[in-house]
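*Asks:* Dropping in coords_4.txt, which is compact mmCIF, C-alpha atoms:
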# COMPACT_ATOMS: atom_id res chain seq x y z
CA MET A 27 -0.79 -24.88 22.72
CA ALA A 28 0.50 -25.97 19.30
CA HIS A 29 1.38 -23.26 16.81
CA PRO A 30 -0.88 -23.03 13.74
CA PRO A 31 0.68 -24.00 10.41
CA PHE A 32 2.62 -21.01 9.15
CA ALA A 33 2.27 -19.49 5.72
CA CYS A 34 5.03 -18.68 3.28
CA ALA A 35 7.30 -15.87 4.44
CA PRO A 36 5.95 -12.39 3.59
CA PHE A 37 7.34 -11.03 0.33
CA PHE A 38 8.34 -7.74 1.98
CA ARG A 39 9.44 -7.42 5.62
CA PRO A 40 10.07 -3.69 6.30
CA TYR A 41 9.96 -4.18 10.09
CA ARG A 42 13.42 -5.78 9.77
CA ARG A 43 15.01 -2.38 9.13
CA ALA A 44 12.46 0.03 10.60
CA THR A 45 13.13 2.35 13.55
CA PRO A 46 10.82 3.57 16.33
CA ALA A 47 10.71 7.06 14.80
CA PHE A 48 8.74 7.80 11.64
CA GLN A 49 11.07 7.53 8.66
CA LEU A 50 10.76 7.89 4.91
CA GLY A 51 13.00 4.90 4.23
CA LEU A 52 13.25 5.44 0.47
CA GLN A 53 15.31 3.00 -1.54
CA ALA A 54 16.10 2.94 -5.26
CA ILE A 55 14.50 0.20 -7.34
CA ARG A 56 15.09 -0.90 -10.91
CA PRO A 57 12.44 0.27 -13.41
CA SER A 58 11.70 -3.42 -14.06
CA GLU A 59 10.58 -3.75 -10.42
CA TRP A 60 8.06 -0.90 -10.62
CA LEU A 61 4.78 -2.89 -10.75
CA LEU A 62 4.31 -6.35 -9.26
CA LEU A 63 1.91 -9.24 -9.86
CA ASP A 64 0.87 -11.58 -7.05
CA ARG A 65 0.14 -15.28 -7.38
CA ASP A 66 -3.50 -14.57 -6.52
CA TYR A 67 -3.82 -11.75 -9.07
CA GLU A 68 -7.09 -13.10 -10.46
CA VAL A 69 -8.87 -13.17 -7.09
CA LEU A 70 -7.48 -9.80 -5.96
CA MET A 71 -8.45 -8.06 -9.19
CA ARG A 72 -11.95 -9.54 -9.06
CA ASP A 73 -12.37 -8.08 -5.58
CA LYS A 74 -10.80 -4.76 -6.57
CA ARG A 75 -13.20 -4.38 -9.49
CA ALA A 76 -16.09 -5.14 -7.15
CA GLN A 77 -14.89 -2.36 -4.82
CA PHE A 78 -14.94 0.21 -7.61
CA ALA A 79 -18.30 -0.97 -8.93
CA SER A 80 -19.90 -0.73 -5.47
CA ALA A 81 -18.94 2.89 -4.73
CA PRO A 82 -16.84 4.56 -7.44
CA ASP A 83 -16.92 7.99 -5.77
CA ARG A 84 -15.40 6.52 -2.62
CA PHE A 85 -12.46 4.91 -4.40
CA TYR A 86 -11.76 7.22 -7.33
CA LYS A 87 -11.46 10.95 -8.00
CA THR A 88 -9.61 13.08 -10.56
CA LEU A 89 -9.28 16.71 -11.63
CA ALA A 90 -9.93 17.49 -15.29
CA GLY A 91 -6.43 18.90 -15.65
CA SER A 92 -4.90 15.54 -14.76
CA LEU A 93 -5.84 13.91 -18.08
CA PRO A 94 -2.45 14.43 -19.81
CA ALA A 95 -0.64 12.86 -16.84
CA GLN A 96 -3.22 10.07 -16.71
CA ARG A 97 -2.61 9.28 -20.37
CA GLU A 98 1.15 9.26 -19.89
CA LEU A 99 0.90 7.02 -16.82
CA HIS A 100 -1.47 4.68 -18.65
CA ALA A 101 0.96 4.30 -21.56
CA MET A 102 3.89 3.67 -19.21
CA VAL A 103 1.95 1.05 -17.23
CA VAL A 104 0.90 -0.81 -20.37
CA SER A 105 4.46 -0.75 -21.71
CA HIS A 106 5.75 -2.05 -18.39
CA LEU A 107 3.23 -4.89 -18.24
CA VAL A 108 3.83 -6.19 -21.77
CA THR A 109 7.60 -5.90 -21.30
CA GLU A 110 8.23 -7.03 -17.72
CA HIS A 111 5.20 -9.31 -17.34
CA ALA A 112 4.96 -10.62 -20.91
CA ALA A 113 4.03 -14.09 -19.66
CA VAL A 114 0.75 -12.60 -18.39
CA PHE A 115 -0.03 -9.51 -20.51
CA SER A 116 -0.06 -9.08 -24.28
CA LEU A 117 -0.94 -6.16 -26.56
CA ASN A 118 -2.49 -6.67 -29.99
CA HIS A 119 -3.97 -3.92 -32.20
CA GLY A 120 -4.82 -1.66 -29.29
CA THR A 121 -6.23 -4.40 -27.06
CA LEU A 122 -4.49 -5.41 -23.85
CA THR A 123 -5.18 -8.99 -22.73
CA CYS A 124 -4.43 -10.66 -19.42
CA GLY A 125 -3.72 -14.37 -19.77
CA THR A 126 -4.43 -15.01 -16.08
CA ASP A 127 -8.11 -14.04 -15.95
CA ARG A 128 -8.78 -13.75 -19.70
CA CYS A 129 -9.91 -10.14 -19.41
CA SER A 130 -9.15 -7.62 -22.15
CA TRP A 131 -9.28 -3.84 -22.50
CA ASN A 132 -9.70 -1.57 -25.52
CA LEU A 133 -6.92 0.95 -24.96
CA THR A 134 -8.33 3.28 -27.62
CA ASP A 135 -11.67 3.74 -25.82
CA ALA A 136 -11.76 7.51 -25.22
CA SER A 137 -14.91 7.24 -23.09
CA VAL A 138 -12.93 5.73 -20.18
CA GLU A 139 -10.51 7.82 -18.14
CA PRO A 140 -6.98 6.37 -18.42
CA LEU A 141 -6.50 6.05 -14.65
CA TRP A 142 -9.86 4.31 -14.26
CA GLN A 143 -8.99 1.81 -16.98
CA LEU A 144 -5.51 0.98 -15.71
CA SER A 145 -6.98 0.51 -12.24
CA ASP A 146 -8.94 -2.35 -13.79
CA PHE A 147 -5.82 -4.33 -14.73
CA VAL A 148 -3.10 -3.49 -12.18
CA GLN A 149 -3.16 -4.34 -8.49
CA GLU A 150 -1.52 -1.07 -7.46
CA ASP A 151 -3.48 1.93 -6.29
CA PHE A 152 -2.23 5.14 -7.95
CA MET A 153 -2.07 8.81 -7.08
CA LEU A 154 -0.79 11.60 -9.34
CA LEU A 155 0.98 14.70 -8.02
CA GLU A 156 1.43 17.75 -10.25
CA ASP A 157 2.55 21.36 -9.98
CA VAL A 158 -0.63 23.47 -9.94
CA ASP A 159 -0.15 27.21 -9.39
CA SER A 160 3.32 26.55 -7.93
CA ARG A 161 1.96 24.03 -5.44
CA LEU A 162 2.50 20.27 -5.62
CA THR A 163 -1.10 19.07 -5.77
CA ILE A 164 -2.73 15.64 -5.76
CA THR A 165 -4.67 15.72 -9.03
CA ALA A 166 -5.92 12.13 -9.27
CA ALA A 167 -6.31 9.11 -7.01
CA SER A 168 -7.46 5.53 -7.43
CA ASN A 169 -7.57 3.92 -4.01
CA ALA A 170 -9.16 0.51 -3.42
CA TYR A 171 -6.88 -0.87 -0.69
CA SER A 172 -5.18 1.77 1.42
CA SER A 173 -5.89 1.88 5.13
CA SER A 174 -5.47 5.68 5.20
CA GLY A 175 -8.93 6.47 3.83
CA ARG A 176 -7.68 9.90 2.73
CA LEU A 177 -6.18 9.57 -0.74
CA VAL A 178 -9.38 10.17 -2.68
CA LYS A 179 -10.35 13.02 -0.34
CA SER A 180 -6.88 14.48 -0.91
CA VAL A 181 -7.47 15.18 -4.60
CA GLY A 182 -7.17 18.94 -5.11
CA ARG A 183 -5.05 19.31 -1.97
CA ASP A 184 -1.36 19.00 -1.20
CA VAL A 185 0.64 16.15 0.33
CA HIS A 186 0.84 17.89 3.71
CA TRP A 187 -2.95 17.68 4.04
CA ALA A 188 -2.86 13.96 3.26
CA HIS A 189 -0.27 13.45 6.01
CA GLU A 190 -2.09 15.39 8.75
CA PRO A 191 -3.29 12.27 10.62
CA VAL A 192 0.29 10.99 11.05
CA PRO A 193 1.58 12.39 14.38
CA THR A 194 4.19 15.16 13.87
CA LEU A 195 5.10 13.83 10.40
CA THR A 196 4.63 17.13 8.59
CA SER A 197 6.27 19.23 11.30
CA ARG A 198 9.36 16.99 11.46
CA LEU A 199 9.68 15.66 7.92
CA GLY A 200 7.47 17.91 5.79
CA SER A 201 10.32 19.91 4.24
CA ARG A 202 12.31 16.75 3.57
CA ILE A 203 9.30 15.12 1.90
CA ASP A 204 8.98 18.19 -0.34
CA ARG A 205 12.68 17.97 -1.30
CA ILE A 206 12.42 14.26 -2.06
CA LEU A 207 9.34 14.70 -4.22
CA ALA A 208 11.08 17.49 -6.13
CA SER A 209 14.11 15.26 -6.74
CA VAL A 210 12.30 12.18 -8.10
CA HIS A 211 13.84 11.38 -11.51
CA ASP A 212 12.40 9.87 -14.68
CA ASP A 213 14.69 6.84 -14.75
CA ALA A 214 15.18 6.30 -11.00
CA PRO A 215 11.98 5.07 -9.32
CA CYS A 216 12.13 4.48 -5.59
CA ALA A 217 10.12 2.55 -3.00
CA ARG A 218 9.22 2.73 0.67
CA TYR A 219 7.03 0.65 3.00
CA ASN A 220 4.39 1.05 5.70
CA TRP A 221 3.29 -1.79 7.96
CA GLN A 222 0.94 -2.54 10.82
CA LEU A 223 -0.56 -5.43 12.82
CA THR A 224 -4.30 -5.89 12.45
CA PRO A 225 -7.02 -8.52 13.03
CA LEU A 226 -8.43 -7.61 9.57
CA ARG A 227 -7.26 -10.23 7.11
CA SER A 228 -8.33 -8.74 3.79
CA VAL A 229 -6.17 -6.28 1.86
CA PHE A 230 -9.43 -4.39 1.21
CA PHE A 231 -10.19 -2.39 4.33
CA PRO A 232 -13.80 -1.23 4.98
CA SER A 233 -15.05 2.26 4.15
CA ASP A 234 -14.11 3.54 7.62
CA PRO A 235 -10.86 1.58 8.04
CA HIS A 236 -9.74 3.03 11.35
CA ALA A 237 -13.11 2.45 13.04
CA ALA A 238 -13.31 -1.07 11.63
CA ASN A 239 -9.77 -1.88 12.69
CA GLN A 240 -10.35 -0.50 16.18
CA SER A 241 -13.55 -2.51 16.54
CA ALA A 242 -11.74 -5.68 15.45
CA LEU A 243 -8.89 -4.96 17.85
CA ASN A 244 -11.32 -4.42 20.73
CA ALA A 245 -12.91 -7.78 19.90
CA VAL A 246 -9.63 -9.72 20.18
CA SER A 247 -7.57 -7.72 22.67
CA THR A 248 -9.03 -9.39 25.78
CA GLN A 249 -8.47 -12.84 24.26
CA LEU A 250 -4.88 -11.97 23.44
CA ARG A 251 -4.12 -10.57 26.87
CA GLU A 252 -5.51 -13.72 28.50
CA ASP A 253 -3.78 -16.07 26.06
CA PRO A 254 -0.90 -14.62 23.98
CA SER A 255 -0.53 -17.97 22.19
CA LEU A 256 -3.58 -16.90 20.13
CA VAL A 257 -1.58 -14.02 18.60
CA PRO A 258 -0.39 -15.85 15.44
CA SER A 259 -3.89 -17.09 14.62
CA LEU A 260 -5.72 -13.78 15.20
CA LEU A 261 -3.37 -11.11 13.81
CA TYR A 262 -2.08 -10.25 10.35
CA LEU A 263 0.86 -8.24 9.05
CA ARG A 264 -0.34 -5.60 6.61
CA VAL A 265 2.38 -4.10 4.41
CA GLU A 266 2.05 -1.31 1.85
CA ARG A 267 4.76 -1.09 -0.80
CA GLN A 268 4.77 2.49 -2.11
CA THR A 269 6.68 3.67 -5.18
CA LEU A 270 7.47 7.11 -6.61
CA ARG A 271 8.21 7.67 -10.29
CA ARG A 272 8.48 10.82 -12.38
CA LEU A 273 6.58 10.89 -15.68
CA PRO A 274 9.05 12.35 -18.21
CA GLU A 275 6.63 14.34 -20.42
CA THR A 276 4.12 15.89 -18.00
CA ARG A 277 6.63 15.88 -15.09
CA ALA A 278 3.89 14.52 -12.82
CA ILE A 279 4.86 12.13 -10.03
CA ALA A 280 3.15 8.74 -10.01
CA PHE A 281 2.73 7.39 -6.49
CA SER A 282 1.68 3.74 -6.25
CA ILE A 283 0.56 1.48 -3.39
CA HIS A 284 0.65 -2.32 -3.51
CA THR A 285 -0.90 -3.92 -0.42
CA TYR A 286 -0.08 -7.28 1.18
CA SER A 287 -1.58 -9.20 4.10
CA ASP A 288 0.13 -12.18 5.77
CA PRO A 289 -0.76 -14.08 8.95
CA LEU A 290 1.56 -13.29 11.83
CA SER A 291 2.23 -17.04 12.03
CA SER A 292 4.31 -16.61 8.86
CA LEU A 293 7.10 -15.21 11.06
CA ILE A 294 7.40 -18.37 13.19
CA PRO A 295 10.37 -19.72 11.18
CA ASP A 296 11.90 -16.23 10.70
CA ALA A 297 13.95 -15.43 13.81
CA VAL A 298 15.44 -12.25 12.31
CA SER A 299 12.02 -10.71 11.65
CA ARG A 300 10.68 -11.82 15.02
CA THR A 301 13.57 -10.19 16.85
CA ALA A 302 13.25 -6.96 14.86
CA LEU A 303 9.49 -6.83 15.41
CA ARG A 304 9.87 -7.41 19.14
CA GLU A 305 12.44 -4.61 19.46
CA LEU A 306 10.25 -2.20 17.52
CA LEU A 307 7.10 -2.86 19.52
CA ALA A 308 9.01 -2.55 22.79
CA SER A 309 10.55 0.79 21.78
CA TYR A 310 7.58 2.49 20.07
CA PRO A 311 6.32 5.57 21.95
CA GLN A 312 2.69 5.51 23.02
CA GLU A 313 1.82 8.05 20.31
CA ARG A 314 3.10 5.74 17.58
CA LEU A 315 1.32 2.70 19.02
CA GLU A 316 -1.94 4.64 19.16
CA TYR A 317 -1.60 5.94 15.60
CA ASN A 318 -1.00 2.42 14.29
CA GLU A 319 -3.78 1.16 16.58
CA MET A 320 -1.43 -1.36 18.20
CA ASP A 321 -1.56 0.05 21.74
CA GLY A 322 -4.00 -2.65 22.89
CA ILE A 323 -2.16 -5.61 21.42
CA HIS A 324 1.57 -4.87 21.52
CA GLY A 325 1.90 -6.43 25.00
CA PRO A 326 0.47 -9.83 24.00
CA VAL A 327 2.46 -9.77 20.76
CA ILE A 328 5.69 -9.15 22.67
CA ALA A 329 4.79 -11.95 25.10
CA TRP A 330 4.19 -14.33 22.19
CA LEU A 331 7.46 -13.35 20.50
CA ASP A 332 9.31 -13.87 23.79
CA SER A 333 7.80 -17.35 24.10
CA LEU A 334 9.30 -18.31 20.74
CA ALA A 335 12.75 -17.11 21.85
CA ASP A 336 12.73 -19.35 24.95
For the structure just supplied, provide its representation as structure tokens.
*Replies:*
Amino acid sequence: MAHPPFACAPFFRPYRRATPAFQLGLQAIRPSEWLLLDRDYEVLMRDKRAQFASAPDRFYKTLAGSLPAQRELHAMVVSHLVTEHAAVFSLNHGTLTCGTDRCSWNLTDASVEPLWQLSDFVQEDFMLLEDVDSRLTITAASNAYSSSGRLVKSVGRDVHWAHEPVPTLTSRLGSRIDRILASVHDDAPCARYNWQLTPLRSVFFPSDPHAANQSALNAVSTQLREDPSLVPSLLYLRVERQTLRRLPETRAIAFSIHTYSDPLSSLIPDAVSRTALRELLASYPQERLEYNEMDGIHGPVIAWLDSLAD
């Protein structure tokens, strides 16, 4: 069977350096690399705005005490956009304008929460973490894309609660996560990546992402087992780029998520990524495969990858 035409190589390929065990994998980034704009910004932002309009309580939640950190984050995001993405964003007399979709925002409108407004012009999801009664607490979350389904529900709780669904993550890495969060500096943002294989193409997962993903996997798993050559046309690589940055005035930590989805066929010309992906899937423990919902498809994917190496 002929391979389908492959797409451009994914922008981020964390599976190249990942290990079978859960890892934090933090790496320093330049402040100029903090927020990113995709070529299809206009379409993605249209869909993101539709998500928020359809069910705001599902995608957005804040504590009243988070407003100072929200304002600081908002100002930093605007400054970043007009400085690092000046070809797209401009600021004039308190109005931010996007040249790509011709939208504009009144930045002096006090009736709109700062996090809500910035969620209307940046692709990233955002979460704020602050020290509340000597406990690092999630005080605000704007979450249109993430497959976790827990960020908004995590507002008012700590990071350990948000990580409970990840097998043994808190027990093995909880103290290290706490140390890393405490050490995030103002001028030294860092990034890490999550990834998974899924039949769901859109970066916007449904309201019950795990159930939807499992249903989609059940629908294709038999096909893939019978014919692994269908793998590149039925599966997608979903990557989340996460950043951590300290806000210098409020000392809050801004956690961002930028989500990508690429067809698995995009790896056809990339032997390095194919080899790394094959080694990972072959070495993942059953627990990890089940958590990432890849236990029913990793066999066909490995078979397809092996066929390309022949």
*Asks:* Between A:Ala167, A:Asp64, A:Arg39, A:Phe85, which one has atoms that come closest to Pro232 in chain A, using all atoms listed in the file?
*Replies:*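 Result for the nearest residue to Pro232 in chain A: A:Phe85.
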*Asks:* Using all atoms listed in the file, can you tell me which of A:Ser287, A:Thr45, A:Asn118, A:Asn239 comes closest to Ser130 in chain A?
*Replies:*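 Going through A:Ser287, A:Thr45, A:Asn118, A:Asn239 one by one, the smallest distance to Ser130 in chain A is for A:Asn118.
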*Asks:* Hey, what's within 9 Å of Leu52 in chain A if we count only C-alpha atoms and toss same-chain stuff fewer than 3 positions away? As a ChimeraX atom specification, please?
*Replies:* /A:49,216-219,269
*Asks:* Looking at A:Glu266, A:Glu59, A:Asp184, A:Glu110, which one is nearest to Thr165 in chain A, with distances taken over all atoms listed in the file?
*Replies:*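 Of the candidates, the smallest distance to Thr165 in chain A is held by A:Asp184.
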*Asks:* Which polymer residues have any atom within 12 Å of an atom of Leu290 in chain A, counting only C-alpha atoms, with same-chain residues fewer than 4 positions away left out, as a ChimeraX atom specification?
*Replies:* /A:29-36,39,222-227,255-265,294-296,299-300,303,327,330-331
*Asks:* Between A:Gly125, A:Pro326, A:Pro82, A:Pro140, single out the one closest to Pro254 in chain A, counting only C-alpha atoms.
*Replies:* A:Pro326
*Asks:* Which residue, A:Ala237, A:Glu98, A:Val246, A:Phe281, has the smallest gap to Met153 in chain A when you use only C-alpha atoms?
*Replies:*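 Nearest candidate to Met153 in chain A out of A:Ala237, A:Glu98, A:Val246, A:Phe281: A:Phe281.
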*Asks:* Could you jot down the CA of Leu307 in chain A to CA of Gly325 in chain A separation for me, Å, one decimal place?
*Replies:*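 Distance reported for this atom pair: 8.4 Å.
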*Asks:* If I take CA of Gln143 in chain A and CA of Arg75 in chain A, how far is one from the other in Å, to one decimal?
*Replies:* 10.6 Å
*Asks:* Place a sphere of radius 10 Å on (-6.8, -0.9, -20.0) in the file coordinates and name every protein, DNA or RNA residue with an atom inside or on its surface, counting only C-alpha atoms; give the answer as an MDAnalysis selection string.
*Replies:* chainID A and resid 100:101 103:104 120:123 129:135 138:148
*Asks:* Between CA of Ser92 in chain A and CA of Val229 in chain A, what is the distance in Å, rounded to a tenth?
*Replies:*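 One can read the CA of Ser92 in chain A to CA of Val229 in chain A distance as 27.5 Å.
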*Asks:* Between A:Tyr171, A:His236, A:Leu243, A:Thr301, which is the closest to Lys74 in chain A once you count all atoms listed in the file?
*Replies:* A:Tyr171
*Asks:* List every protein, DNA or RNA residue that has at least one atom no more than 9 Å from (-9.9, -1.9, -5.9) in the file's coordinates, counting only C-alpha atoms, and write the result as a compact mmCIF listing (two decimals) with C-alpha atoms, in the coordinates of the input.
*Replies:*
# COMPACT_ATOMS: atom_id res chain seq x y z
CA LEU A 70 -7.48 -9.80 -5.96
CA MET A 71 -8.45 -8.06 -9.19
CA ARG A 72 -11.95 -9.54 -9.06
CA ASP A 73 -12.37 -8.08 -5.58
CA LYS A 74 -10.80 -4.76 -6.57
CA ARG A 75 -13.20 -4.38 -9.49
CA ALA A 76 -16.09 -5.14 -7.15
CA GLN A 77 -14.89 -2.36 -4.82
CA PHE A 78 -14.94 0.21 -7.61
CA ALA A 79 -18.30 -0.97 -8.93
CA PHE A 85 -12.46 4.91 -4.40
CA SER A 145 -6.98 0.51 -12.24
CA ASP A 146 -8.94 -2.35 -13.79
CA GLN A 149 -3.16 -4.34 -8.49
CA GLU A 150 -1.52 -1.07 -7.46
CA ASP A 151 -3.48 1.93 -6.29
CA SER A 168 -7.46 5.53 -7.43
CA ASN A 169 -7.57 3.92 -4.01
CA ALA A 170 -9.16 0.51 -3.42
CA TYR A 171 -6.88 -0.87 -0.69
CA PHE A 230 -9.43 -4.39 1.21
*Asks:* For Asp159 in chain A, find every residue with an atom within 12 Å (counting all atoms listed in the file), except residues of its own chain fewer than 3 positions away, and show them as a list in words.
*Replies:*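 Contacts, with the query itself left out: Glu156, Leu162, Thr163, Gly182, Arg183 and Asp184 of chain A.
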